[in-house]
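A.B. asks: Quick one, structure.pdb (PDB, C-alpha atoms and all ligand atoms):
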```
ATOM      1  CA  MET A  15     -80.120-183.284  86.988
ATOM      2  CA  THR A  16     -77.472-180.699  86.156
ATOM      3  CA  THR A  17     -75.223-181.209  83.156
ATOM      4  CA  GLU A  18     -72.317-181.915  85.571
ATOM      5  CA  THR A  19     -74.282-184.629  87.384
ATOM      6  CA  LEU A  20     -75.363-186.126  84.074
ATOM      7  CA  THR A  21     -71.750-186.220  82.880
ATOM      8  CA  GLU A  22     -70.711-188.020  86.074
ATOM      9  CA  GLU A  23     -73.604-190.473  85.813
ATOM     10  CA  ILE A  24     -72.769-191.314  82.198
ATOM     11  CA  LYS A  25     -69.108-191.856  83.101
ATOM     12  CA  ARG A  26     -70.172-194.098  85.996
ATOM     13  CA  HIS A  27     -71.988-196.385  83.536
ATOM     14  CA  LEU A  28     -69.233-196.424  80.894
ATOM     15  CA  ARG A  29     -67.019-199.493  80.688
ATOM     16  CA  ASN A  30     -63.242-199.028  81.079
ATOM     17  CA  THR A  31     -62.950-200.238  77.487
ATOM     18  CA  THR A  32     -65.122-197.380  76.136
ATOM     19  CA  PRO A  33     -62.564-194.607  75.579
ATOM     20  CA  CYS A  34     -64.949-191.643  75.431
ATOM     21  CA  LEU A  35     -64.532-188.026  76.459
ATOM     22  CA  ILE A  36     -68.006-186.803  77.424
ATOM     23  CA  SER A  37     -69.393-183.248  77.289
ATOM     24  CA  VAL A  38     -73.013-182.491  78.174
ATOM     25  CA  LYS A  39     -74.592-179.110  77.314
ATOM     26  CA  GLU A  40     -78.016-177.659  78.019
ATOM     27  CA  GLN A  41     -78.402-176.659  74.387
ATOM     28  CA  SER A  42     -76.715-176.979  71.014
ATOM     29  CA  ALA A  43     -77.874-175.896  67.574
ATOM     30  CA  SER A  44     -76.923-179.395  66.409
ATOM     31  CA  THR A  45     -74.524-181.718  68.224
ATOM     32  CA  ASN A  46     -73.409-183.100  64.822
ATOM     33  CA  LEU A  47     -72.553-179.639  63.515
ATOM     34  CA  GLU A  48     -70.802-178.601  66.718
ATOM     35  CA  LEU A  49     -68.775-181.817  66.918
ATOM     36  CA  LYS A  50     -67.728-181.400  63.282
ATOM     37  CA  GLN A  51     -66.318-177.995  64.276
ATOM     38  CA  TRP A  52     -64.475-179.581  67.211
ATOM     39  CA  ALA A  53     -63.141-182.246  64.831
ATOM     40  CA  ALA A  54     -61.753-179.541  62.538
ATOM     41  CA  GLN A  55     -59.873-178.193  65.576
ATOM     42  CA  GLY A  56     -58.322-181.611  66.219
ATOM     43  CA  ALA A  57     -60.755-183.379  68.585
ATOM     44  CA  GLN A  58     -59.896-187.057  68.985
ATOM     45  CA  ASP A  59     -61.694-190.352  68.380
ATOM     46  CA  GLY A  60     -64.241-190.934  71.134
ATOM     47  CA  THR A  61     -65.123-187.275  71.734
ATOM     48  CA  VAL A  62     -68.824-187.198  72.612
ATOM     49  CA  LEU A  63     -71.202-184.245  72.715
ATOM     50  CA  ILE A  64     -74.651-184.553  74.267
ATOM     51  CA  ALA A  65     -77.266-181.791  74.371
ATOM     52  CA  LEU A  66     -80.522-181.682  76.328
ATOM     53  CA  GLN A  67     -82.079-179.669  73.515
ATOM     54  CA  GLN A  68     -81.199-178.830  69.906
ATOM     55  CA  THR A  69     -82.435-175.725  68.162
ATOM     56  CA  ARG A  70     -81.491-176.921  64.661
ATOM     57  CA  GLY A  71     -81.353-180.711  64.998
ATOM     58  CA  ARG A  72     -80.518-182.301  61.650
ATOM     59  CA  GLY A  73     -81.956-185.447  60.122
ATOM     60  CA  ARG A  74     -81.055-187.406  56.985
ATOM     61  CA  LEU A  75     -81.769-186.132  53.481
ATOM     62  CA  GLY A  76     -81.731-182.480  54.588
ATOM     63  CA  ARG A  77     -84.587-182.859  57.046
ATOM     64  CA  SER A  78     -84.763-181.399  60.544
ATOM     65  CA  PHE A  79     -84.895-183.534  63.678
ATOM     66  CA  PHE A  80     -87.391-182.454  66.343
ATOM     67  CA  SER A  81     -85.271-181.996  69.509
ATOM     68  CA  PRO A  82     -87.333-180.413  72.320
ATOM     69  CA  PRO A  83     -85.805-179.830  75.815
ATOM     70  CA  ASN A  84     -85.396-182.580  78.396
ATOM     71  CA  THR A  85     -87.407-185.322  76.700
ATOM     72  CA  GLY A  86     -84.808-186.712  74.310
ATOM     73  CA  LEU A  87     -81.197-187.847  74.117
ATOM     74  CA  TYR A  88     -79.246-186.022  71.401
ATOM     75  CA  LEU A  89     -75.737-187.455  71.154
ATOM     76  CA  SER A  90     -72.883-187.240  68.653
ATOM     77  CA  VAL A  91     -69.680-189.242  68.789
ATOM     78  CA  LEU A  92     -66.542-188.608  66.753
ATOM     79  CA  LEU A  93     -65.035-191.715  65.170
ATOM     80  CA  ARG A  94     -61.729-191.487  63.410
ATOM     81  CA  PRO A  95     -61.302-194.671  61.430
ATOM     82  CA  GLU A  96     -59.671-194.631  57.999
ATOM     83  CA  ALA A  97     -62.916-193.396  56.503
ATOM     84  CA  SER A  98     -64.636-193.554  53.155
ATOM     85  CA  ASP A  99     -68.161-192.814  51.980
ATOM     86  CA  ALA A 100     -68.964-196.527  52.029
ATOM     87  CA  GLN A 101     -68.142-196.523  55.729
ATOM     88  CA  LEU A 102     -70.852-193.964  56.464
ATOM     89  CA  LEU A 103     -73.427-196.603  55.562
ATOM     90  CA  GLN A 104     -71.596-199.265  57.537
ATOM     91  CA  ILE A 105     -71.233-197.051  60.622
ATOM     92  CA  THR A 106     -74.961-196.306  60.445
ATOM     93  CA  VAL A 107     -75.632-200.046  60.428
ATOM     94  CA  LEU A 108     -73.322-200.635  63.416
ATOM     95  CA  ALA A 109     -74.829-197.691  65.309
ATOM     96  CA  ALA A 110     -78.367-198.969  64.689
ATOM     97  CA  VAL A 111     -77.495-202.350  66.195
ATOM     98  CA  ALA A 112     -75.668-200.676  69.115
ATOM     99  CA  ALA A 113     -78.722-198.485  69.742
ATOM    100  CA  ALA A 114     -81.126-201.441  69.603
ATOM    101  CA  ARG A 115     -78.986-203.359  72.087
ATOM    102  CA  ALA A 116     -78.758-200.300  74.364
ATOM    103  CA  VAL A 117     -82.559-199.971  74.372
ATOM    104  CA  LYS A 118     -82.935-203.648  75.275
ATOM    105  CA  GLU A 119     -80.399-203.263  78.097
ATOM    106  CA  THR A 120     -81.924-200.115  79.612
ATOM    107  CA  CYS A 121     -85.651-200.384  78.788
ATOM    108  CA  GLY A 122     -86.028-204.164  78.575
ATOM    109  CA  PHE A 123     -87.779-204.395  75.161
ATOM    110  CA  ASP A 124     -86.736-205.034  71.588
ATOM    111  CA  VAL A 125     -86.956-202.429  68.842
ATOM    112  CA  GLU A 126     -86.945-202.979  65.092
ATOM    113  CA  ILE A 127     -84.638-201.341  62.552
ATOM    114  CA  LYS A 128     -86.033-199.629  59.480
ATOM    115  CA  TRP A 129     -83.266-199.362  56.880
ATOM    116  CA  VAL A 130     -81.135-197.638  57.163
ATOM    117  CA  ASN A 131     -81.141-195.489  60.248
ATOM    118  CA  ASP A 132     -84.393-195.594  62.186
ATOM    119  CA  LEU A 133     -85.492-197.577  65.232
ATOM    120  CA  TYR A 134     -89.147-198.398  65.634
ATOM    121  CA  ARG A 135     -91.204-199.454  68.612
ATOM    122  CA  ASN A 136     -94.770-200.660  68.040
ATOM    123  CA  GLY A 137     -94.799-199.126  64.551
ATOM    124  CA  ARG A 138     -93.533-195.703  65.674
ATOM    125  CA  LYS A 139     -90.112-194.132  65.175
ATOM    126  CA  VAL A 140     -88.295-193.685  68.486
ATOM    127  CA  CYS A 141     -84.756-193.025  67.247
ATOM    128  CA  GLY A 142     -82.875-191.748  64.190
ATOM    129  CA  ILE A 143     -79.185-191.811  63.231
ATOM    130  CA  LEU A 144     -77.208-189.406  61.058
ATOM    131  CA  ALA A 145     -73.600-190.292  60.210
ATOM    132  CA  GLU A 146     -71.645-187.532  58.478
ATOM    133  CA  GLY A 147     -68.138-187.575  57.020
ATOM    134  CA  ILE A 148     -65.527-184.968  57.947
ATOM    135  CA  VAL A 149     -63.794-184.031  54.740
ATOM    136  CA  CYS A 150     -60.398-182.307  54.743
ATOM    137  CA  PRO A 151     -60.795-179.218  52.507
ATOM    138  CA  GLU A 152     -57.201-179.519  51.209
ATOM    139  CA  THR A 153     -57.024-183.214  50.366
ATOM    140  CA  GLY A 154     -60.731-184.017  49.930
ATOM    141  CA  LYS A 155     -60.101-187.098  52.118
ATOM    142  CA  THR A 156     -62.652-188.173  54.720
ATOM    143  CA  GLU A 157     -60.803-187.825  58.014
ATOM    144  CA  GLY A 158     -63.427-189.129  60.338
ATOM    145  CA  ILE A 159     -67.113-189.603  60.953
ATOM    146  CA  VAL A 160     -69.522-187.862  63.279
ATOM    147  CA  CYS A 161     -72.199-190.348  64.216
ATOM    148  CA  GLY A 162     -75.245-188.563  65.652
ATOM    149  CA  ILE A 163     -78.164-190.275  67.299
ATOM    150  CA  GLY A 164     -81.426-188.895  68.606
ATOM    151  CA  PHE A 165     -83.777-190.864  70.876
ATOM    152  CA  ASN A 166     -87.285-189.753  71.846
ATOM    153  CA  LEU A 167     -87.241-190.733  75.514
ATOM    154  CA  PHE A 168     -90.560-189.351  76.822
ATOM    155  CA  PRO A 169     -93.593-187.597  75.309
ATOM    156  CA  PRO A 170     -92.787-183.882  74.778
ATOM    157  CA  ALA A 171     -94.870-181.477  76.912
ATOM    158  CA  GLU A 172     -96.574-179.933  73.856
ATOM    159  CA  GLY A 173     -96.786-183.240  71.974
ATOM    160  CA  PHE A 174     -95.051-183.955  68.654
ATOM    161  CA  PRO A 175     -95.496-181.487  65.782
ATOM    162  CA  GLN A 176     -98.387-182.331  63.506
ATOM    163  CA  GLU A 177     -96.196-183.510  60.616
ATOM    164  CA  ILE A 178     -94.648-186.333  62.683
ATOM    165  CA  ALA A 179     -97.406-186.920  65.253
ATOM    166  CA  SER A 180     -98.773-189.990  63.440
ATOM    167  CA  CYS A 181     -95.414-191.787  63.197
ATOM    168  CA  ALA A 182     -93.253-190.598  66.152
ATOM    169  CA  GLY A 183     -93.101-192.561  69.406
ATOM    170  CA  CYS A 184     -91.156-192.621  72.672
ATOM    171  CA  LEU A 185     -89.215-195.195  74.638
ATOM    172  CA  CYS A 186     -91.079-194.480  77.907
ATOM    173  CA  ASP A 187     -94.507-193.056  78.739
ATOM    174  CA  THR A 188     -93.400-191.309  81.938
ATOM    175  CA  PRO A 189     -90.251-189.282  82.709
ATOM    176  CA  ASP A 190     -87.385-191.096  84.431
ATOM    177  CA  ASN A 191     -84.279-189.040  85.293
ATOM    178  CA  THR A 192     -82.012-192.038  85.200
ATOM    179  CA  LEU A 193     -82.785-193.095  81.630
ATOM    180  CA  LEU A 194     -80.716-190.527  79.706
ATOM    181  CA  PRO A 195     -77.357-191.295  81.380
ATOM    182  CA  ARG A 196     -77.966-195.061  81.373
ATOM    183  CA  LEU A 197     -78.979-195.118  77.711
ATOM    184  CA  ALA A 198     -76.156-192.808  76.591
ATOM    185  CA  ALA A 199     -73.546-194.983  78.321
ATOM    186  CA  ALA A 200     -75.127-198.230  77.094
ATOM    187  CA  PHE A 201     -75.115-196.943  73.495
ATOM    188  CA  LEU A 202     -71.442-195.906  73.664
ATOM    189  CA  ASN A 203     -70.442-199.189  75.373
ATOM    190  CA  GLN A 204     -72.222-201.167  72.660
ATOM    191  CA  LEU A 205     -70.820-199.060  69.820
ATOM    192  CA  TYR A 206     -67.234-199.505  70.974
ATOM    193  CA  ASP A 207     -67.813-203.197  71.615
ATOM    194  CA  ILE A 208     -69.310-203.699  68.137
ATOM    195  CA  ARG A 209     -66.409-201.844  66.486
ATOM    196  CA  THR A 210     -64.007-204.491  67.756
ATOM    197  CA  ARG A 211     -66.186-207.435  66.722
ATOM    198  CA  ASP A 212     -66.813-209.393  63.596
ATOM    199  CA  ARG A 213     -68.945-207.299  61.212
ATOM    200  CA  ALA A 214     -70.766-210.391  59.931
ATOM    201  CA  GLU A 215     -72.202-211.069  63.389
ATOM    202  CA  THR A 216     -73.498-207.493  63.682
ATOM    203  CA  LEU A 217     -75.016-207.600  60.200
ATOM    204  CA  GLU A 218     -76.851-210.793  61.115
ATOM    205  CA  GLU A 219     -78.381-208.984  64.083
ATOM    206  CA  TYR A 220     -79.297-206.021  61.869
ATOM    207  CA  ARG A 221     -81.080-208.435  59.505
ATOM    208  CA  ARG A 222     -82.869-210.178  62.390
ATOM    209  CA  ARG A 223     -84.146-206.832  63.666
ATOM    210  CA  SER A 224     -85.095-205.543  60.208
ATOM    211  CA  LEU A 225     -88.585-204.153  59.818
ATOM    212  CA  LEU A 226     -88.406-204.350  56.019
ATOM    213  CA  ILE A 227     -87.153-207.752  54.921
ATOM    214  CA  GLY A 228     -89.969-209.611  53.131
ATOM    215  CA  LYS A 229     -92.149-206.490  52.853
ATOM    216  CA  TRP A 230     -93.289-204.462  49.848
ATOM    217  CA  VAL A 231     -92.013-200.880  49.963
ATOM    218  CA  ASN A 232     -92.319-197.640  47.997
ATOM    219  CA  SER A 233     -89.412-195.383  47.145
ATOM    220  CA  LEU A 234     -89.731-191.997  48.823
ATOM    221  CA  ASN A 235     -87.128-190.255  46.670
ATOM    222  CA  GLY A 236     -86.999-191.909  43.321
ATOM    223  CA  ALA A 237     -84.304-194.476  44.086
ATOM    224  CA  PHE A 238     -86.471-196.946  42.090
ATOM    225  CA  PRO A 239     -89.822-196.687  40.339
ATOM    226  CA  GLY A 240     -93.067-198.086  41.778
ATOM    227  CA  THR A 241     -92.997-200.652  44.528
ATOM    228  CA  ALA A 242     -90.422-203.302  45.360
ATOM    229  CA  LEU A 243     -90.048-206.374  47.533
ATOM    230  CA  VAL A 244     -87.227-206.200  50.084
ATOM    231  CA  LEU A 245     -85.054-209.300  49.712
ATOM    232  CA  GLY A 246     -82.429-208.563  52.337
ATOM    233  CA  ILE A 247     -79.537-206.410  53.527
ATOM    234  CA  SER A 248     -76.223-206.711  51.672
ATOM    235  CA  ASP A 249     -72.903-207.234  53.456
ATOM    236  CA  GLU A 250     -72.174-203.529  52.905
ATOM    237  CA  GLY A 251     -75.481-202.502  54.536
ATOM    238  CA  GLY A 252     -77.406-201.813  51.303
ATOM    239  CA  LEU A 253     -81.099-202.617  50.840
ATOM    240  CA  MET A 254     -81.563-205.492  48.366
ATOM    241  CA  ILE A 255     -84.830-205.201  46.479
ATOM    242  CA  ARG A 256     -86.722-206.709  43.548
ATOM    243  CA  THR A 257     -88.990-204.275  41.680
ATOM    244  CA  GLU A 258     -92.377-205.237  40.258
ATOM    245  CA  ASP A 259     -90.641-205.654  36.861
ATOM    246  CA  GLY A 260     -88.393-208.302  38.373
ATOM    247  CA  ILE A 261     -85.261-206.124  38.387
ATOM    248  CA  GLU A 262     -82.994-206.740  41.358
ATOM    249  CA  GLN A 263     -80.842-203.968  42.742
ATOM    250  CA  THR A 264     -79.130-202.871  45.950
ATOM    251  CA  LEU A 265     -79.843-199.401  47.288
ATOM    252  CA  THR A 266     -77.062-197.576  49.104
ATOM    253  CA  TRP A 267     -78.962-194.338  49.639
ATOM    254  CA  GLY A 268     -82.519-193.069  49.807
ATOM    255  CA  GLU A 269     -85.498-193.940  51.887
ATOM    256  CA  VAL A 270     -88.461-196.241  51.534
ATOM    257  CA  SER A 271     -91.920-196.309  53.053
ATOM    258  CA  VAL A 272     -93.727-199.406  54.191
ATOM    259  CA  ARG A 273     -97.250-200.030  55.421
ATOM    260  CA  LEU A 274     -96.569-200.969  59.031
ATOM    261  CA  THR A 275     -99.972-202.609  59.326
ATOM    262  CA  GLN A 276     -99.087-205.071  56.518
TER
HETATM  263  C1  LIG B   1     -82.992-188.959  61.032
HETATM  264  O1  LIG B   1     -83.957-189.367  61.685
HETATM  265  O2  LIG B   1     -83.081-188.674  59.828
HETATM  266  C2  LIG B   1     -81.664-188.805  61.712
HETATM  267  C3  LIG B   1     -81.782-188.012  62.982
HETATM  268  C4  LIG B   1     -80.463-187.796  63.690
HETATM  269  C5  LIG B   1     -80.630-186.896  64.893
HETATM  270  C6  LIG B   1     -79.392-186.767  65.709
HETATM  271  S1  LIG B   1     -79.696-185.936  67.242
HETATM  272  C7  LIG B   1     -77.996-185.793  67.538
HETATM  273  C8  LIG B   1     -77.347-185.467  66.208
HETATM  274  N1  LIG B   1     -77.367-184.042  65.974
HETATM  275  C9  LIG B   1     -78.121-183.715  64.922
HETATM  276  O3  LIG B   1     -78.300-182.556  64.513
HETATM  277  N2  LIG B   1     -78.653-184.806  64.378
HETATM  278  C10 LIG B   1     -78.236-186.010  65.080
END
```
Reformat the file's structure so that it appears as structure tokens.

C.D. replies:
Amino acid sequence: MTTETLTEEIKRHLRNTTPCLISVKEQSASTNLELKQWAAQGAQDGTVLIALQQTRGRGRLGRSFFSPPNTGLYLSVLLRPEASDAQLLQITVLAAVAAARAVKETCGFDVEIKWVNDLYRNGRKVCGILAEGIVCPETGKTEGIVCGIGFNLFPPAEGFPQEIASCAGCLCDTPDNTLLPRLAAAFLNQLYDIRTRDRAETLEEYRRRSLLIGKWVNSLNGAFPGTALVLGISDEGGLMIRTEDGIEQTLTWGEVSVRLTQ
């Protein structure tokens, strides 16, 4: 499908209540970076940029996000709420639930959420989310959020790079032209729906879909020493843990690893 046809198809699946302005490009260095530039030039809430390939796709914690051509959905949406750093975590939580619902709607199966921003299917990561604040250089105030999401739709022609081959997965085994526009629209519909709803309800769903609650995890970046038991997800979207020494704390950043065969 051409980028024009894809744009039309996405619009066809959007609800009237999803006020999004869609642009689809063959390639972007990073849709998050590009949309942040558009935001600085005054782009409005609901501006969406989708690329069929990214040459410098960004992940959390300074990592890159593998974004080969035509096998993934790389989408960024500009949200302009009254923003604060705390909201970055909350938006990530809302986006994860919206993405899980969109997968159920378009692919028919449930995925699990690994705090804070990853979706897993059968023990493999199929989607990641990166929410970034747009800070006004003069006032230092966060003026909006770019919420970027990357889905692995189909197996890439050359396979996944060695460093992620053991943990990356896809939503579908065989290519299906209709999936990208359906999934993009379903995600945006769900995100805008969730934004108008009671947060508590969405958090409950996040907890129900959590891959980590009740499991022992290791800190991947020193957020706590040793291993810890995951007790739950706080109302702000933090990871509530109890370390082996019995100390309870709530993580608002970082990443944990878990044995998925546990
Ligand atoms: C992660 O897994 O750590 C987050 C990955 C986020 C990837 C998406 S793809 C669209 C948007 N543009 C980017 O450069 N990153 C996000």

A.B. asks: Please indicate the distance in Å from atom C9 of ligand LIG 1 (chain B) to atom CA of A:Leu63, rounded to one decimal place.

C.D. replies: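 Separation between atom C9 of ligand LIG 1 (chain B) and atom CA of A:Leu63: 10.4 Å.
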
A.B. asks: Could you jot down the atom O3 of ligand LIG 1 (chain B) to atom CA of A:Glu18 separation for me, Å, one decimal place?

C.D. replies: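 Computed distance, atom O3 of ligand LIG 1 (chain B) to atom CA of A:Glu18, equals 21.9 Å.
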
A.B. asks: Using the chain letters and residue numbers of this document, give as a PyMOL selection string the residues selected by the PyMOL selection byres (((chain A and resi 219) around 12) and not hetatm).

C.D. replies: chain A and resi 107-115+124-127+208+212-218+220-224+247+251

A.B. asks: Enclose all atoms of ligand LIG 1 (chain B) listed in the file in an axis-aligned box, grow every side by 5 Å, and hand back centre and edge lengths in Å to one decimal, as JSON.

C.D. replies:
```
{"center_x": -80.7, "center_y": -186.0, "center_z": 63.7, "size_x": 16.6, "size_y": 16.8, "size_z": 17.7}
```

A.B. asks: Let me know the residues the PyMOL selection byres (((not hetatm)) within 8 of (chain B and resi 1)) catches in the file above, as a PyMOL selection string.

C.D. replies: chain A and resi 43-47+64-65+68+70-75+77-79+81+87-90+131-132+141-145+161-165

A.B. asks: Looking at A:Pro189, A:Gly252, A:Gly158, A:Gly246, which one is nearest to A:Leu226, with distances taken over all atoms listed in the file?

C.D. replies: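 So, comparing all the options, the nearest one is A:Gly246.
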
A.B. asks: Which is closer to A:Gly183 than all the others in A:Thr85, A:Gln104, A:Asn203, A:Thr264, using all atoms listed in the file?

C.D. replies: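 Comparing A:Thr85, A:Gln104, A:Asn203, A:Thr264 against A:Gly183, the winner is A:Thr85.
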
A.B. asks: Using all atoms listed in the file, find the one residue out of A:Val270, A:Leu193, A:Val62, A:Ala53 that sits nearest to A:Ile36.

C.D. replies: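 Nearest to A:Ile36: A:Val62.
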
A.B. asks: Could you please determine the separation between atom CA of A:Thr31 and atom CA of A:Leu92 in Å, to one decimal place?

C.D. replies: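 Straight-line distance from atom CA of A:Thr31 to atom CA of A:Leu92 works out to 16.2 Å.
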
A.B. asks: Find the residue from A:Gly268, A:Gln101, A:Leu245, A:Lys229 that sits nearest to A:Thr156; use only C-alpha atoms when measuring.

C.D. replies: A:Gln101

A.B. asks: Quick one: of A:Glu258, A:Glu177, A:Glu22, A:Glu172, who's nearest to A:Pro83, counting only C-alpha atoms?

C.D. replies: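 Among A:Glu258, A:Glu177, A:Glu22, A:Glu172, it is A:Glu172 that comes nearest to A:Pro83.
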
A.B. asks: Taking all atoms listed in the file into account, which of A:Lys50, A:Leu133, A:Glu262, A:Thr16 comes nearest A:Ala116?

C.D. replies: A:Leu133

A.B. asks: Please enumerate the residues selected by the PyMOL selection byres (((chain A and resi 269) around 10) and not hetatm) when evaluated against the supplied file, formatted as JSON, numbers by chain.

C.D. replies: {"A": [74, 75, 128, 129, 130, 131, 231, 232, 233, 234, 235, 236, 237, 253, 265, 266, 267, 268, 270, 271]}

A.B. asks: Identify, on the basis of all atoms listed in the file, every residue whose closest approach to stretch 23-25 of chain A does not exceed 8 Å; exclude the query and any residue fewer than 3 positions from it along the same chain; express the result as a PyMOL selection string.

C.D. replies: chain A and resi 19-20+28+36+195-196+198-199
